[in-house]
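File shown: input.cif. Contents: mmCIF, C-alpha atoms and all ligand atoms.
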```
data_final
#
loop_
_atom_site.label_atom_id
_atom_site.label_comp_id
_atom_site.auth_asym_id
_atom_site.auth_seq_id
_atom_site.Cartn_x
_atom_site.Cartn_y
_atom_site.Cartn_z
CA MET A 217 0.00 0.00 0.00
CA THR A 218 1.29 3.45 -0.84
CA ARG A 219 0.34 6.30 1.46
CA ASP A 220 1.49 9.85 1.68
CA CYS A 221 3.43 10.82 4.75
CA ASP A 222 1.35 12.02 7.65
CA ASN A 223 1.94 13.16 11.19
CA THR A 224 1.57 9.71 12.76
CA LEU A 225 5.22 9.13 11.77
CA PRO A 226 8.15 10.46 13.81
CA ARG A 227 8.59 14.10 12.77
CA THR A 228 11.95 13.54 11.11
CA PHE A 229 10.45 10.74 9.03
CA ASN A 230 8.13 13.28 7.43
CA ASP A 231 11.03 15.56 6.68
CA ARG A 232 12.59 15.24 3.23
CA HIS A 233 15.64 17.34 4.18
CA GLN A 234 16.46 15.12 7.15
CA LEU A 235 15.97 11.98 5.05
CA TYR A 236 18.20 13.44 2.32
CA GLU A 237 21.00 14.26 4.77
CA TRP A 238 20.87 10.79 6.32
CA SER A 239 21.00 9.23 2.86
CA VAL A 240 23.71 11.11 0.99
CA GLN A 241 25.70 13.52 3.14
CA VAL A 242 28.84 12.86 5.19
CA PRO A 243 30.12 16.41 5.82
CA VAL A 244 32.88 15.33 8.20
CA PHE A 245 34.41 13.30 5.36
CA GLU A 246 34.20 16.29 2.98
CA VAL A 247 35.87 18.58 5.53
CA GLN A 248 38.71 16.09 6.09
CA PHE A 249 39.18 15.57 2.36
CA MET A 250 39.31 19.30 1.56
CA ASN A 251 41.64 19.89 4.50
CA ARG A 252 44.03 17.15 3.39
CA ILE A 253 44.17 18.17 -0.27
CA PHE A 254 44.43 21.90 0.49
CA HIS A 255 47.26 21.24 2.91
CA GLN A 256 49.09 19.01 0.42
CA LEU A 257 48.85 21.59 -2.37
CA ARG A 258 49.10 24.87 -0.42
CA LYS A 259 50.95 23.97 2.81
CA ARG A 260 48.57 25.96 4.98
CA ARG A 261 45.21 25.61 6.69
CA PRO A 262 42.15 26.72 4.70
CA LEU A 263 39.91 28.96 6.80
CA HIS A 264 37.14 30.49 4.70
CA LEU A 265 34.76 28.20 2.78
CA ARG A 266 32.12 29.10 0.24
CA GLU A 267 29.66 26.26 -0.19
CA ASP A 268 27.75 26.59 -3.48
CA PHE A 269 24.30 24.96 -3.85
CA CYS A 270 24.56 24.63 -0.05
CA GLY A 271 21.00 23.34 0.48
CA THR A 272 20.64 22.89 4.24
CA ALA A 273 24.24 24.06 4.85
CA TYR A 274 25.10 20.89 6.75
CA LEU A 275 28.65 21.20 5.40
CA CYS A 276 28.99 24.88 6.41
CA ALA A 277 28.17 23.84 9.99
CA ALA A 278 30.70 20.98 9.97
CA TRP A 279 33.32 23.35 8.54
CA VAL A 280 33.08 25.97 11.30
CA ARG A 281 32.88 23.23 13.94
CA SER A 282 36.20 21.81 12.69
CA HIS A 283 38.27 24.86 13.73
CA ARG A 284 37.59 27.94 15.84
CA GLN A 285 38.93 30.34 13.17
CA ARG A 286 36.90 28.88 10.34
CA THR A 287 34.15 30.81 8.58
CA ALA A 288 31.69 29.80 5.87
CA VAL A 289 29.22 31.29 3.47
CA GLY A 290 26.54 29.11 1.89
CA LEU A 291 24.76 30.07 -1.35
CA ASP A 292 21.46 28.60 -2.49
CA LEU A 293 18.38 29.78 -4.35
CA ASP A 294 15.78 28.00 -2.25
CA ALA A 295 14.44 30.00 0.72
CA GLU A 296 12.65 27.09 2.40
CA THR A 297 15.74 24.87 2.29
CA LEU A 298 17.96 27.65 3.63
CA ALA A 299 15.53 28.37 6.47
CA TRP A 300 15.51 24.67 7.42
CA GLY A 301 19.33 24.62 7.45
CA GLN A 302 19.57 27.85 9.44
CA ALA A 303 17.31 26.46 12.16
CA ARG A 304 18.65 22.90 12.17
CA HIS A 305 22.38 23.46 11.76
CA ILE A 306 23.46 27.07 12.07
CA ASP A 307 21.40 28.34 15.02
CA ARG A 308 22.42 25.21 16.96
CA LEU A 309 26.12 26.13 16.65
CA GLY A 310 25.78 28.61 19.52
CA PRO A 311 28.40 31.42 19.41
CA ALA A 312 29.99 29.81 16.31
CA SER A 313 26.80 30.58 14.37
CA THR A 314 28.16 34.10 13.77
CA ARG A 315 30.87 32.50 11.63
CA VAL A 316 28.34 31.24 9.05
CA ALA A 317 26.29 33.34 6.64
CA LEU A 318 23.64 31.85 4.38
CA ARG A 319 22.77 33.84 1.30
CA ARG A 320 19.80 33.31 -0.95
CA CYS A 321 21.32 33.93 -4.37
CA ASP A 322 22.48 32.32 -7.56
CA VAL A 323 25.91 30.71 -7.38
CA ARG A 324 26.89 32.78 -10.41
CA THR A 325 27.86 35.54 -8.01
CA VAL A 326 31.21 36.94 -6.91
CA THR A 327 31.50 36.94 -3.12
CA ILE A 328 33.86 38.57 -0.64
CA PRO A 329 35.95 37.99 1.40
CA PRO A 330 37.94 35.76 -0.95
CA ALA A 331 37.42 32.09 -0.11
CA ASP A 332 40.22 29.59 0.42
CA ILE A 333 37.86 26.94 -0.91
CA VAL A 334 34.70 27.00 -2.99
CA CYS A 335 32.92 23.65 -3.15
CA ALA A 336 29.88 22.34 -5.02
CA TYR A 337 28.86 18.86 -3.90
CA ASN A 338 26.43 16.13 -4.67
CA PHE A 339 26.92 16.92 -8.34
CA SER A 340 25.05 20.23 -8.07
CA TRP A 341 27.34 21.89 -10.59
CA PHE A 342 25.83 19.51 -13.19
CA MET A 343 22.77 21.80 -13.02
CA VAL A 344 24.72 24.57 -14.77
CA HIS A 345 24.53 23.96 -18.50
CA PRO A 346 25.23 24.27 -21.37
CA LEU A 347 29.04 24.36 -21.25
CA GLN A 348 29.34 28.12 -21.80
CA GLN A 349 27.25 28.72 -18.67
CA LEU A 350 29.51 26.38 -16.75
CA VAL A 351 32.53 28.40 -17.88
CA ASP A 352 30.77 31.61 -16.76
CA TYR A 353 30.01 30.03 -13.38
CA PHE A 354 33.63 28.93 -12.93
CA ARG A 355 34.72 32.52 -13.73
CA GLN A 356 32.61 33.79 -10.82
CA VAL A 357 34.10 31.07 -8.63
CA ARG A 358 37.63 32.01 -9.71
CA ALA A 359 36.94 35.67 -8.89
CA SER A 360 35.66 34.65 -5.43
CA LEU A 361 38.79 32.70 -4.50
CA ALA A 362 41.97 33.76 -2.72
CA PRO A 363 45.05 33.81 -5.01
CA ASP A 364 45.96 30.28 -3.82
CA GLY A 365 42.37 29.06 -3.51
CA LEU A 366 40.92 25.77 -4.73
CA VAL A 367 37.52 24.71 -6.03
CA PHE A 368 36.25 21.21 -5.15
CA LEU A 369 33.61 19.44 -7.27
CA ASP A 370 32.38 15.87 -7.20
CA CYS A 371 31.53 13.86 -10.29
CA TYR A 372 30.05 10.51 -11.25
CA GLY A 373 30.16 8.60 -14.51
CA GLY A 374 30.62 5.27 -16.26
CA TRP A 375 28.35 3.54 -18.73
CA GLU A 376 25.75 2.73 -16.08
CA ALA A 377 25.38 6.49 -15.57
CA GLN A 378 24.16 6.68 -19.16
CA GLN A 379 21.28 4.31 -18.52
CA GLU A 380 17.93 4.51 -16.84
CA SER A 381 18.29 3.01 -13.38
CA TYR A 382 16.47 2.47 -10.10
CA GLU A 383 18.78 1.87 -7.12
CA PRO A 384 17.16 1.31 -3.72
CA ARG A 385 19.41 1.30 -0.63
CA LEU A 386 18.53 0.71 3.03
CA VAL A 387 19.56 3.55 5.35
CA GLU A 388 19.96 3.01 9.09
CA THR A 389 19.47 6.00 11.38
CA PRO A 390 19.14 6.52 15.14
CA GLU A 391 15.38 6.80 14.53
CA GLY A 392 14.90 3.69 12.43
CA MET A 393 15.41 2.42 8.90
CA PHE A 394 14.09 3.61 5.58
CA THR A 395 14.80 3.03 1.90
CA TYR A 396 16.47 5.70 -0.19
CA THR A 397 16.14 5.24 -3.95
CA TRP A 398 18.14 6.99 -6.63
CA GLU A 399 16.29 6.85 -9.94
CA GLN A 400 17.80 8.00 -13.19
CA ALA A 401 14.53 8.31 -15.08
CA SER A 402 15.96 9.40 -18.43
CA TYR A 403 19.22 10.04 -20.21
CA ASN A 404 19.58 11.74 -23.60
CA PRO A 405 22.78 10.76 -25.43
CA ILE A 406 22.53 13.82 -27.68
CA ASP A 407 22.84 16.50 -25.00
CA ASN A 408 23.91 14.32 -22.03
CA LEU A 409 20.98 15.59 -19.94
CA ALA A 410 19.66 13.23 -17.29
CA ARG A 411 16.49 13.50 -15.22
CA CYS A 412 16.88 12.02 -11.74
CA HIS A 413 14.61 11.54 -8.74
CA ILE A 414 15.12 10.69 -5.09
CA HIS A 415 12.38 8.64 -3.44
CA PHE A 416 12.01 7.56 0.19
CA GLU A 417 10.06 4.54 1.44
CA LEU A 418 9.31 4.52 5.12
CA ALA A 419 8.01 1.97 7.58
CA GLY A 420 4.32 1.15 7.32
CA GLY A 421 4.14 1.62 3.55
CA TYR A 422 4.57 5.37 3.64
CA GLU A 423 6.34 6.86 0.65
CA LEU A 424 7.79 10.18 -0.37
CA LYS A 425 7.90 9.80 -4.14
CA LYS A 426 10.01 12.32 -6.09
CA ALA A 427 11.08 14.03 -2.88
CA PHE A 428 13.78 15.68 -5.01
CA THR A 429 14.13 15.95 -8.80
CA TYR A 430 17.18 17.10 -10.74
CA GLU A 431 17.59 17.86 -14.42
CA TRP A 432 21.30 17.96 -15.10
CA ARG A 433 24.04 17.36 -17.59
CA LEU A 434 26.43 14.47 -17.02
CA TYR A 435 29.68 16.34 -17.45
CA THR A 436 32.93 14.39 -17.65
CA PRO A 437 36.17 15.26 -15.83
CA ALA A 438 37.64 16.24 -19.22
CA GLU A 439 34.84 18.76 -19.78
CA ALA A 440 35.23 20.10 -16.23
CA ARG A 441 38.94 20.53 -16.83
CA ASP A 442 38.39 22.37 -20.13
CA ALA A 443 35.80 24.64 -18.51
CA LEU A 444 38.00 25.39 -15.49
CA LEU A 445 41.00 26.25 -17.68
CA ALA A 446 38.79 28.39 -19.96
CA ALA A 447 37.59 30.25 -16.84
CA GLY A 448 41.14 31.13 -15.82
CA PHE A 449 42.10 28.31 -13.46
CA ALA A 450 45.79 27.36 -13.67
CA ASP A 451 45.33 23.60 -13.34
CA CYS A 452 42.89 20.83 -12.51
CA HIS A 453 43.46 17.52 -10.69
CA VAL A 454 41.23 14.46 -10.61
CA TYR A 455 41.01 12.28 -7.48
CA PHE A 456 39.46 9.00 -8.56
CA ASP A 457 37.90 6.46 -6.20
CA THR A 458 40.28 3.51 -6.56
CA SER A 459 38.75 1.30 -3.87
CA PRO A 460 37.54 -2.12 -5.10
CA ASP A 461 35.07 -2.13 -2.19
CA PRO A 462 31.89 -0.09 -2.91
CA ASP A 463 31.48 0.56 0.84
CA GLU A 464 34.94 2.10 1.15
CA ASP A 465 36.34 5.30 -0.44
CA ARG A 466 39.96 5.63 -1.56
CA TYR A 467 40.41 8.79 -3.62
CA ARG A 468 43.78 9.02 -5.36
CA ARG A 469 45.08 11.73 -7.67
CA THR A 470 45.52 10.20 -11.11
CA THR A 471 45.45 10.95 -14.83
CA ARG A 472 44.40 7.42 -15.86
CA ALA A 473 41.70 5.12 -14.55
CA ARG A 474 40.30 1.71 -15.40
CA ASN A 475 37.08 2.04 -17.38
CA GLN A 476 34.21 0.67 -15.30
CA PRO A 477 30.41 0.64 -15.13
CA GLY A 478 30.15 3.34 -12.47
CA TRP A 479 32.70 5.56 -10.76
CA LEU A 480 33.02 8.55 -8.44
CA ALA A 481 35.70 11.23 -8.45
CA TYR A 482 36.58 14.63 -7.04
CA ILE A 483 37.79 17.38 -9.36
CA VAL A 484 39.98 20.08 -7.88
CA GLY A 485 40.50 23.34 -9.76
CA VAL A 486 43.70 25.18 -8.83
CA ALA A 487 43.51 28.99 -8.97
C1 LIG B 1 21.53 18.55 -5.01
S1 LIG B 1 21.08 19.87 -3.90
C2 LIG B 1 22.65 19.99 -3.16
C3 LIG B 1 22.66 20.08 -1.68
C4 LIG B 1 24.04 19.98 -1.03
N1 LIG B 1 25.02 20.81 -1.66
C5 LIG B 1 24.58 18.56 -0.97
O1 LIG B 1 25.77 18.38 -1.07
O2 LIG B 1 23.81 17.62 -0.78
C6 LIG B 1 20.98 21.20 -5.00
C7 LIG B 1 20.70 22.59 -4.41
O3 LIG B 1 21.11 23.56 -5.39
C8 LIG B 1 20.22 24.69 -5.33
N2 LIG B 1 20.38 25.40 -6.61
C9 LIG B 1 20.07 24.97 -7.86
N3 LIG B 1 20.48 25.86 -8.79
C10 LIG B 1 21.09 26.89 -8.11
C11 LIG B 1 21.73 28.09 -8.51
N4 LIG B 1 21.85 28.43 -9.79
N5 LIG B 1 22.26 28.88 -7.55
C12 LIG B 1 22.14 28.56 -6.24
N6 LIG B 1 21.54 27.41 -5.80
C13 LIG B 1 21.02 26.59 -6.72
C14 LIG B 1 18.86 24.05 -5.05
O4 LIG B 1 17.99 25.00 -4.45
C15 LIG B 1 19.23 22.89 -4.11
O5 LIG B 1 19.12 23.27 -2.76
#
```

For the structure just supplied, provide its representation as structure tokens.
Ligand SMILES: C[S@@+](CC[C@H](N)C(=O)[O-])C[C@H]1O[C@@H](n2cnc3c(N)ncnc32)[C@H](O)[C@@H]1O
Amino acid sequence: MTRDCDNTLPRTFNDRHQLYEWSVQVPVFEVQFMNRIFHQLRKRRPLHLREDFCGTAYLCAAWVRSHRQRTAVGLDLDAETLAWGQARHIDRLGPASTRVALRRCDVRTVTIPPADIVCAYNFSWFMVHPLQQLVDYFRQVRASLAPDGLVFLDCYGGWEAQQESYEPRLVETPEGMFTYTWEQASYNPIDNLARCHIHFELAGGYELKKAFTYEWRLYTPAEARDALLAAGFADCHVYFDTSPDPDEDRYRRTTRARNQPGWLAYIVGVA
């Protein structure tokens, strides 16, 4: 039986933002990864983060928690999502909340002060297309970075990413279990645009169908590199997940990778 969510469920189980965070976000990992790579390349500690497409700003909160001098600005277009993140993550930081600012605006914006890092995660930068718009976006990012700043993007690909797919996965939380499903509903080989949905299935037959929908272009690392260089970045590195175990991540900087059905990578643009 399929039923819409109602208020007989625990509150968080009616909450698509909470379900999304439980399903796909591990901000502590992202902070550690950015810290490690920035330190390797720049030999100093990054302090100011700009999180593009920040959504609920879960990552901004983890960033300022990770060091007392750290500051963050999160940019997103959606007022309701930003308000949820402000209440859930930023206001709960206590005095550190003054080190985070959430701004409702397009990411194609130049921000000050210059950021050590700009990041765009969960493939959000795929929403900027066609390619010329991506170059324009990267120009705004470049202009918002410190002279030695870095931009971090994540990317997925492989031939399975060019197919329709329906991938349910069980998620365990302190409040119970639910099923998260990633559906790639369509893929157009002419323009590389994919339409994707996130669905949640909860205990008792409750469902949140199409809790989130994205229409985006499956860019490749080669296209990201070309766009970053066209936007004025000096270089671009790819960190490919080389772990044979799908439950473990092992991102290594490389210029060659084994072709495979599905893969994940980080792309780092060097200002
Ligand atoms: C996939 S969610 C990403 C959330 C978060 N960054 C993460 O890692 O899970 C995409 C977000 O991008 C926002 N968005 C889409 N286009 C945007 C734009 N041009 N400028 C700013 N935000 C945008 C949407 O409102 C949505 O909150």

Atomic distance CA of Arg232 (chain A) - CA of Leu291 (chain A), expressed in Å with one decimal: 19.7 Å

Between CA of Phe449 (chain A) and CA of Phe354 (chain A), what distance in Å does the model show, to one decimal?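 A separation of 8.5 Å between them.
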
For ligand LIG 1 (chain B), which residue among A:Asp322, A:Glu391, A:Glu237, A:Glu267 is the nearest when counting only C-alpha atoms and all ligand atoms? A:Asp322

All residues within 9 Å of ligand LIG 1 (chain B) are required, counting only C-alpha atoms and all ligand atoms; please report them as a VMD selection string. chain A and resid 236 to 237 240 to 243 267 to 275 291 to 298 320 to 325 335 to 341 343 to 344 428 to 430

Nearest-residue call for Ala312 (chain A), choices A:Val351, A:Ile328, A:Ala447, A:Val280, using all atoms listed in the file: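 Checking each of A:Val351, A:Ile328, A:Ala447, A:Val280 against Ala312 (chain A), counting all atoms listed in the file, the winner is A:Val280.
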
Spatial neighbours of region 424-426 of chain A, max dist 12 Å, all atoms listed in the file, sep filter under 2 positions, as a PyMOL selection string: chain A and resi 218-222+229-233+235-236+394-401+411-419+421-422+428-430
